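To be precise, the following lines are upload29.cif, and they hold mmCIF, C-alpha atoms.
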```cif
data_query
#
loop_
_atom_site.group_PDB
_atom_site.id
_atom_site.type_symbol
_atom_site.label_atom_id
_atom_site.label_comp_id
_atom_site.auth_asym_id
_atom_site.auth_seq_id
_atom_site.Cartn_x
_atom_site.Cartn_y
_atom_site.Cartn_z
ATOM 1 C CA MET A 1 33.009 -67.426 -21.601
ATOM 2 C CA THR A 2 31.305 -64.280 -22.925
ATOM 3 C CA SER A 3 32.594 -62.365 -25.833
ATOM 4 C CA SER A 4 33.341 -58.674 -25.638
ATOM 5 C CA ARG A 5 30.889 -58.020 -28.456
ATOM 6 C CA ASP A 6 27.863 -58.829 -26.244
ATOM 7 C CA GLU A 7 28.601 -56.047 -23.760
ATOM 8 C CA ARG A 8 29.586 -53.347 -26.191
ATOM 9 C CA GLY A 9 27.783 -50.009 -25.546
ATOM 10 C CA THR A 10 26.443 -50.859 -22.087
ATOM 11 C CA ALA A 11 28.608 -48.238 -20.396
ATOM 12 C CA VAL A 12 27.324 -45.550 -22.747
ATOM 13 C CA ILE A 13 23.673 -46.285 -21.921
ATOM 14 C CA GLY A 14 24.305 -46.315 -18.174
ATOM 15 C CA THR A 15 26.290 -43.108 -18.347
ATOM 16 C CA LEU A 16 23.604 -41.422 -20.445
ATOM 17 C CA VAL A 17 20.832 -42.415 -18.026
ATOM 18 C CA GLY A 18 22.896 -41.259 -15.063
ATOM 19 C CA PHE A 19 23.651 -37.956 -16.783
ATOM 20 C CA LEU A 20 19.968 -37.366 -17.582
ATOM 21 C CA ILE A 21 18.950 -38.063 -13.970
ATOM 22 C CA PHE A 22 21.657 -35.691 -12.750
ATOM 23 C CA MET A 23 20.507 -32.941 -15.130
ATOM 24 C CA VAL A 24 16.842 -33.284 -14.086
ATOM 25 C CA LEU A 25 17.812 -33.056 -10.407
ATOM 26 C CA LEU A 26 20.042 -30.057 -11.141
ATOM 27 C CA LEU A 27 17.229 -28.317 -13.041
ATOM 28 C CA PHE A 28 14.797 -29.008 -10.189
ATOM 29 C CA SER A 29 17.314 -27.538 -7.705
ATOM 30 C CA VAL A 30 17.645 -24.409 -9.836
ATOM 31 C CA GLN A 31 13.840 -24.123 -9.957
ATOM 32 C CA VAL A 32 13.612 -24.327 -6.159
ATOM 33 C CA LEU A 33 16.350 -21.706 -5.694
ATOM 34 C CA VAL A 34 14.744 -19.284 -8.163
ATOM 35 C CA HIS A 35 11.369 -19.731 -6.451
ATOM 36 C CA LEU A 36 12.905 -19.043 -3.028
ATOM 37 C CA TYR A 37 14.689 -15.949 -4.340
ATOM 38 C CA ALA A 38 11.505 -14.641 -5.990
ATOM 39 C CA THR A 39 9.561 -15.225 -2.761
ATOM 40 C CA SER A 40 12.177 -13.370 -0.719
ATOM 41 C CA ALA A 41 12.374 -10.441 -3.155
ATOM 42 C CA LEU A 42 8.583 -10.139 -3.369
ATOM 43 C CA THR A 43 8.189 -10.199 0.412
ATOM 44 C CA ALA A 44 10.920 -7.598 0.910
ATOM 45 C CA SER A 45 9.528 -5.175 -1.668
ATOM 46 C CA ALA A 46 5.972 -5.560 -0.339
ATOM 47 C CA THR A 47 7.138 -4.872 3.207
ATOM 48 C CA THR A 48 9.112 -1.825 2.088
ATOM 49 C CA ALA A 49 6.122 -0.468 0.148
ATOM 50 C CA ALA A 50 3.697 -0.984 3.042
ATOM 51 C CA GLU A 51 6.116 0.658 5.498
ATOM 52 C CA ALA A 52 6.583 3.639 3.155
ATOM 53 C CA VAL A 53 2.816 4.142 2.961
ATOM 54 C CA ALA A 54 2.392 3.764 6.713
ATOM 55 C CA ASP A 55 5.171 6.278 7.443
ATOM 56 C CA SER A 56 3.887 8.961 5.088
ATOM 57 C CA PRO A 57 1.781 11.873 6.399
ATOM 58 C CA ASP A 58 -1.001 11.069 3.907
ATOM 59 C CA PRO A 59 -1.112 7.266 3.434
ATOM 60 C CA THR A 60 -3.633 7.214 0.584
ATOM 61 C CA ALA A 61 -1.587 9.664 -1.463
ATOM 62 C CA ALA A 62 1.591 7.603 -1.029
ATOM 63 C CA VAL A 63 0.163 4.352 -2.424
ATOM 64 C CA GLY A 64 1.030 5.089 -6.065
ATOM 65 C CA SER A 65 4.632 6.054 -5.468
ATOM 66 C CA ALA A 66 5.206 3.156 -3.053
ATOM 67 C CA GLU A 67 3.817 0.657 -5.554
ATOM 68 C CA ALA A 68 5.884 2.139 -8.384
ATOM 69 C CA SER A 69 8.995 1.933 -6.217
ATOM 70 C CA ALA A 70 8.264 -1.701 -5.323
ATOM 71 C CA ARG A 71 7.722 -2.612 -8.981
ATOM 72 C CA ALA A 72 10.973 -0.873 -9.923
ATOM 73 C CA GLN A 73 12.769 -2.773 -7.170
ATOM 74 C CA LEU A 74 11.433 -6.075 -8.556
ATOM 75 C CA GLY A 75 12.348 -5.236 -12.165
ATOM 76 C CA THR A 76 10.634 -7.200 -14.916
ATOM 77 C CA PHE A 77 9.320 -9.697 -12.370
ATOM 78 C CA GLY A 78 7.371 -6.900 -10.665
ATOM 79 C CA ALA A 79 6.184 -5.346 -13.896
ATOM 80 C CA THR A 80 4.815 -8.471 -15.574
ATOM 81 C CA ARG A 81 4.227 -11.178 -12.974
ATOM 82 C CA THR A 82 3.061 -9.320 -9.857
ATOM 83 C CA THR A 83 -0.191 -7.723 -8.692
ATOM 84 C CA PHE A 84 -0.499 -5.352 -5.752
ATOM 85 C CA ASP A 85 -3.823 -5.134 -3.940
ATOM 86 C CA TRP A 86 -4.047 -2.483 -1.224
ATOM 87 C CA LYS A 87 -6.720 -3.969 1.048
ATOM 88 C CA GLU A 88 -6.723 -1.251 3.696
ATOM 89 C CA VAL A 89 -5.019 2.125 3.866
ATOM 90 C CA ASP A 90 -6.132 4.363 6.711
ATOM 91 C CA GLY A 91 -4.957 6.015 9.908
ATOM 92 C CA GLN A 92 -4.763 2.697 11.785
ATOM 93 C CA GLN A 93 -2.993 0.270 9.476
ATOM 94 C CA VAL A 94 -1.882 -0.534 5.956
ATOM 95 C CA VAL A 95 -2.699 -3.966 4.523
ATOM 96 C CA LEU A 96 -1.084 -4.955 1.243
ATOM 97 C CA GLU A 97 -1.667 -8.258 -0.554
ATOM 98 C CA VAL A 98 0.863 -9.135 -3.227
ATOM 99 C CA VAL A 99 0.514 -12.043 -5.657
ATOM 100 C CA GLY A 100 3.266 -13.087 -8.035
ATOM 101 C CA VAL A 101 4.238 -16.017 -10.216
ATOM 102 C CA SER A 102 7.871 -17.068 -10.007
ATOM 103 C CA PRO A 103 9.772 -17.825 -13.216
ATOM 104 C CA GLY A 104 9.738 -21.484 -14.181
ATOM 105 C CA PHE A 105 12.164 -23.852 -15.839
ATOM 106 C CA LEU A 106 10.145 -27.034 -15.384
ATOM 107 C CA PRO A 107 6.547 -27.788 -16.340
ATOM 108 C CA LEU A 108 5.270 -27.528 -12.770
ATOM 109 C CA PRO A 109 1.692 -26.695 -11.778
ATOM 110 C CA SER A 110 1.024 -22.968 -11.563
ATOM 111 C CA SER A 111 -0.109 -23.375 -7.958
ATOM 112 C CA TRP A 112 3.448 -24.372 -7.021
ATOM 113 C CA ARG A 113 4.903 -21.272 -8.711
ATOM 114 C CA ARG A 114 2.335 -18.879 -7.188
ATOM 115 C CA ILE A 115 3.544 -16.576 -4.394
ATOM 116 C CA GLU A 116 1.007 -14.882 -2.110
ATOM 117 C CA ARG A 117 2.007 -12.516 0.665
ATOM 118 C CA THR A 118 -0.072 -10.235 2.896
ATOM 119 C CA VAL A 119 1.791 -7.483 4.718
ATOM 120 C CA THR A 120 0.164 -5.565 7.581
ATOM 121 C CA VAL A 121 1.853 -2.470 8.994
ATOM 122 C CA ARG A 122 0.445 -0.302 11.767
ATOM 123 C CA THR A 123 0.269 3.410 11.118
ATOM 124 C CA GLU A 124 1.859 5.216 14.026
ATOM 125 C CA ARG A 125 1.724 8.952 14.613
ATOM 126 C CA PHE A 126 3.375 11.123 17.248
ATOM 127 C CA ARG A 127 0.982 12.830 19.622
#
```

Please, can you express the file's structure as structure tokens?
Amino acid sequence: MTSSRDERGTAVIGTLVGFLIFMVLLLFSVQVLVHLYATSALTASATTAAEAVADSPDPTAAVGSAEASARAQLGTFGATRTTFDWKEVDGQQVVLEVVGVSPGFLPLPSSWRRIERTVTVRTERFR
């Protein structure tokens, strides 16, 4: 026969371990969702900026305003964590490479948080 004193506190330890595992999994899920949202927002703003440049009558002149609009659309994420590199802007196509780092809640490698997108839009003109 075992006494009740030998098993005292075992439920607290098990509950604490279970709670910590749950919180780590919840934090990881939040990290994944924030990364997916940042990737989606970055892709959308880069596509909008490249389309705006491609649709303008003078594509090279529209680069500055399109980039400023994309950064404003992204907010602080676009202002501090994103770089825009206009690879090609001419009468044929517009190529924009955007690199950003998504916000992080866990100590993950920076390569996992890095977002790289290249958007290519053809420049079309009426004849």

Name all residues at most 10 Å from A:Gln92 (count all atoms listed in the file; drop same-chain ones fewer than 5 positions away) and give them as a PDB file with C-alpha atoms, in the coordinates of the input.
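And here is the file that came out, around23.pdb:
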```
ATOM      1  CA  ALA A  54       2.392   3.764   6.713  1.00  0.00           C
ATOM      2  CA  VAL A 121       1.853  -2.470   8.994  1.00  0.00           C
ATOM      3  CA  ARG A 122       0.445  -0.302  11.767  1.00  0.00           C
ATOM      4  CA  THR A 123       0.269   3.410  11.118  1.00  0.00           C
ATOM      5  CA  GLU A 124       1.859   5.216  14.026  1.00  0.00           C
ATOM      6  CA  ARG A 125       1.724   8.952  14.613  1.00  0.00           C
TER       7      ARG A 125
END
```

Let me have the centre and edge lengths of the axis-aligned box enclosing all listed atoms of stretch 69-88 of chain A with 4 Å padding on every side, in Å to one decimal, as AutoDock Vina command-line options.
```
--center_x 3.0 --center_y -4.6 --center_z -5.9 --size_x 27.5 --size_y 21.1 --size_z 27.3
```

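With atom CA of A:Val119 on one side and atom CA of A:Gly100 on the other, the separation reads 14.0 Å.
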
* **Shortest interatomic distance to A:Gln93 - which of A:Ile13, A:Leu20, A:Leu36, A:Val53, counting only C-alpha atoms** =>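 Looking only at the distances to A:Gln93, the closest residue turns out to be A:Val53.
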
List the residues sitting within 10 Å of (4.4, -0.6, 3.9) in the file's frame, using all atoms listed in the file, as a compact mmCIF listing (two decimals) with C-alpha atoms, keeping the file's coordinate frame.
```txt
# COMPACT_ATOMS: atom_id res chain seq x y z
CA SER A 45 9.53 -5.18 -1.67
CA ALA A 46 5.97 -5.56 -0.34
CA THR A 47 7.14 -4.87 3.21
CA THR A 48 9.11 -1.82 2.09
CA ALA A 49 6.12 -0.47 0.15
CA ALA A 50 3.70 -0.98 3.04
CA GLU A 51 6.12 0.66 5.50
CA ALA A 52 6.58 3.64 3.16
CA VAL A 53 2.82 4.14 2.96
CA ALA A 54 2.39 3.76 6.71
CA ASP A 55 5.17 6.28 7.44
CA SER A 56 3.89 8.96 5.09
CA PRO A 59 -1.11 7.27 3.43
CA ALA A 62 1.59 7.60 -1.03
CA VAL A 63 0.16 4.35 -2.42
CA ALA A 66 5.21 3.16 -3.05
CA GLU A 67 3.82 0.66 -5.55
CA VAL A 89 -5.02 2.12 3.87
CA GLN A 93 -2.99 0.27 9.48
CA VAL A 94 -1.88 -0.53 5.96
CA VAL A 95 -2.70 -3.97 4.52
CA LEU A 96 -1.08 -4.96 1.24
CA VAL A 119 1.79 -7.48 4.72
CA THR A 120 0.16 -5.56 7.58
CA VAL A 121 1.85 -2.47 8.99
CA ARG A 122 0.44 -0.30 11.77
CA THR A 123 0.27 3.41 11.12
```

Incomplete stretch 5-27 of chain A filled out to N, CA, C and O atoms as a PDB file, keeping the file's coordinate frame:
```
ATOM      1  N   ARG A   5      31.877 -58.631 -27.566  1.00  0.00           N
ATOM      2  CA  ARG A   5      30.889 -58.020 -28.456  1.00  0.00           C
ATOM      3  C   ARG A   5      29.515 -57.958 -27.806  1.00  0.00           C
ATOM      4  O   ARG A   5      28.718 -57.109 -28.128  1.00  0.00           O
ATOM      5  N   ASP A   6      29.167 -58.817 -26.875  1.00  0.00           N
ATOM      6  CA  ASP A   6      27.863 -58.829 -26.244  1.00  0.00           C
ATOM      7  C   ASP A   6      27.652 -57.653 -25.303  1.00  0.00           C
ATOM      8  O   ASP A   6      26.530 -57.231 -25.080  1.00  0.00           O
ATOM      9  N   GLU A   7      28.705 -57.123 -24.745  1.00  0.00           N
ATOM     10  CA  GLU A   7      28.601 -56.047 -23.760  1.00  0.00           C
ATOM     11  C   GLU A   7      28.992 -54.690 -24.321  1.00  0.00           C
ATOM     12  O   GLU A   7      29.118 -53.725 -23.571  1.00  0.00           O
ATOM     13  N   ARG A   8      29.170 -54.598 -25.586  1.00  0.00           N
ATOM     14  CA  ARG A   8      29.586 -53.347 -26.191  1.00  0.00           C
ATOM     15  C   ARG A   8      28.457 -52.315 -26.093  1.00  0.00           C
ATOM     16  O   ARG A   8      27.308 -52.600 -26.399  1.00  0.00           O
ATOM     17  N   GLY A   9      28.755 -51.093 -25.636  1.00  0.00           N
ATOM     18  CA  GLY A   9      27.783 -50.009 -25.546  1.00  0.00           C
ATOM     19  C   GLY A   9      27.008 -49.946 -24.245  1.00  0.00           C
ATOM     20  O   GLY A   9      26.216 -49.034 -24.044  1.00  0.00           O
ATOM     21  N   THR A  10      27.200 -50.896 -23.346  1.00  0.00           N
ATOM     22  CA  THR A  10      26.443 -50.859 -22.087  1.00  0.00           C
ATOM     23  C   THR A  10      26.891 -49.727 -21.191  1.00  0.00           C
ATOM     24  O   THR A  10      26.089 -49.152 -20.476  1.00  0.00           O
ATOM     25  N   ALA A  11      28.131 -49.348 -21.222  1.00  0.00           N
ATOM     26  CA  ALA A  11      28.608 -48.238 -20.396  1.00  0.00           C
ATOM     27  C   ALA A  11      28.051 -46.907 -20.901  1.00  0.00           C
ATOM     28  O   ALA A  11      27.772 -46.003 -20.114  1.00  0.00           O
ATOM     29  N   VAL A  12      27.856 -46.788 -22.174  1.00  0.00           N
ATOM     30  CA  VAL A  12      27.324 -45.550 -22.747  1.00  0.00           C
ATOM     31  C   VAL A  12      25.872 -45.345 -22.307  1.00  0.00           C
ATOM     32  O   VAL A  12      25.476 -44.242 -21.912  1.00  0.00           O
ATOM     33  N   ILE A  13      25.081 -46.395 -22.313  1.00  0.00           N
ATOM     34  CA  ILE A  13      23.673 -46.285 -21.921  1.00  0.00           C
ATOM     35  C   ILE A  13      23.558 -45.942 -20.444  1.00  0.00           C
ATOM     36  O   ILE A  13      22.802 -45.065 -20.050  1.00  0.00           O
ATOM     37  N   GLY A  14      24.323 -46.611 -19.613  1.00  0.00           N
ATOM     38  CA  GLY A  14      24.305 -46.315 -18.174  1.00  0.00           C
ATOM     39  C   GLY A  14      24.764 -44.903 -17.872  1.00  0.00           C
ATOM     40  O   GLY A  14      24.184 -44.205 -17.033  1.00  0.00           O
ATOM     41  N   THR A  15      25.785 -44.466 -18.542  1.00  0.00           N
ATOM     42  CA  THR A  15      26.290 -43.108 -18.347  1.00  0.00           C
ATOM     43  C   THR A  15      25.263 -42.083 -18.806  1.00  0.00           C
ATOM     44  O   THR A  15      25.047 -41.059 -18.144  1.00  0.00           O
ATOM     45  N   LEU A  16      24.621 -42.341 -19.926  1.00  0.00           N
ATOM     46  CA  LEU A  16      23.604 -41.422 -20.445  1.00  0.00           C
ATOM     47  C   LEU A  16      22.408 -41.323 -19.497  1.00  0.00           C
ATOM     48  O   LEU A  16      21.922 -40.212 -19.210  1.00  0.00           O
ATOM     49  N   VAL A  17      21.946 -42.432 -18.975  1.00  0.00           N
ATOM     50  CA  VAL A  17      20.832 -42.415 -18.026  1.00  0.00           C
ATOM     51  C   VAL A  17      21.229 -41.682 -16.749  1.00  0.00           C
ATOM     52  O   VAL A  17      20.475 -40.853 -16.227  1.00  0.00           O
ATOM     53  N   GLY A  18      22.414 -41.957 -16.251  1.00  0.00           N
ATOM     54  CA  GLY A  18      22.896 -41.259 -15.063  1.00  0.00           C
ATOM     55  C   GLY A  18      23.023 -39.757 -15.284  1.00  0.00           C
ATOM     56  O   GLY A  18      22.673 -38.949 -14.420  1.00  0.00           O
ATOM     57  N   PHE A  19      23.520 -39.372 -16.452  1.00  0.00           N
ATOM     58  CA  PHE A  19      23.651 -37.956 -16.783  1.00  0.00           C
ATOM     59  C   PHE A  19      22.287 -37.277 -16.875  1.00  0.00           C
ATOM     60  O   PHE A  19      22.103 -36.154 -16.379  1.00  0.00           O
ATOM     61  N   LEU A  20      21.312 -37.942 -17.482  1.00  0.00           N
ATOM     62  CA  LEU A  20      19.968 -37.366 -17.582  1.00  0.00           C
ATOM     63  C   LEU A  20      19.325 -37.209 -16.203  1.00  0.00           C
ATOM     64  O   LEU A  20      18.686 -36.186 -15.932  1.00  0.00           O
ATOM     65  N   ILE A  21      19.486 -38.178 -15.340  1.00  0.00           N
ATOM     66  CA  ILE A  21      18.950 -38.063 -13.970  1.00  0.00           C
ATOM     67  C   ILE A  21      19.615 -36.912 -13.238  1.00  0.00           C
ATOM     68  O   ILE A  21      18.952 -36.120 -12.559  1.00  0.00           O
ATOM     69  N   PHE A  22      20.930 -36.792 -13.386  1.00  0.00           N
ATOM     70  CA  PHE A  22      21.657 -35.691 -12.750  1.00  0.00           C
ATOM     71  C   PHE A  22      21.161 -34.338 -13.262  1.00  0.00           C
ATOM     72  O   PHE A  22      20.950 -33.410 -12.480  1.00  0.00           O
ATOM     73  N   MET A  23      20.950 -34.215 -14.561  1.00  0.00           N
ATOM     74  CA  MET A  23      20.507 -32.941 -15.130  1.00  0.00           C
ATOM     75  C   MET A  23      19.092 -32.581 -14.670  1.00  0.00           C
ATOM     76  O   MET A  23      18.803 -31.408 -14.405  1.00  0.00           O
ATOM     77  N   VAL A  24      18.200 -33.552 -14.570  1.00  0.00           N
ATOM     78  CA  VAL A  24      16.842 -33.284 -14.086  1.00  0.00           C
ATOM     79  C   VAL A  24      16.882 -32.825 -12.636  1.00  0.00           C
ATOM     80  O   VAL A  24      16.204 -31.863 -12.254  1.00  0.00           O
ATOM     81  N   LEU A  25      17.684 -33.471 -11.807  1.00  0.00           N
ATOM     82  CA  LEU A  25      17.812 -33.056 -10.407  1.00  0.00           C
ATOM     83  C   LEU A  25      18.441 -31.665 -10.292  1.00  0.00           C
ATOM     84  O   LEU A  25      18.031 -30.856  -9.455  1.00  0.00           O
ATOM     85  N   LEU A  26      19.419 -31.381 -11.137  1.00  0.00           N
ATOM     86  CA  LEU A  26      20.042 -30.057 -11.141  1.00  0.00           C
ATOM     87  C   LEU A  26      19.042 -28.984 -11.568  1.00  0.00           C
ATOM     88  O   LEU A  26      18.963 -27.914 -10.958  1.00  0.00           O
ATOM     89  N   LEU A  27      18.248 -29.262 -12.582  1.00  0.00           N
ATOM     90  CA  LEU A  27      17.229 -28.317 -13.041  1.00  0.00           C
ATOM     91  C   LEU A  27      16.167 -28.091 -11.969  1.00  0.00           C
ATOM     92  O   LEU A  27      15.713 -26.962 -11.761  1.00  0.00           O
TER      93      LEU A  27
END
```
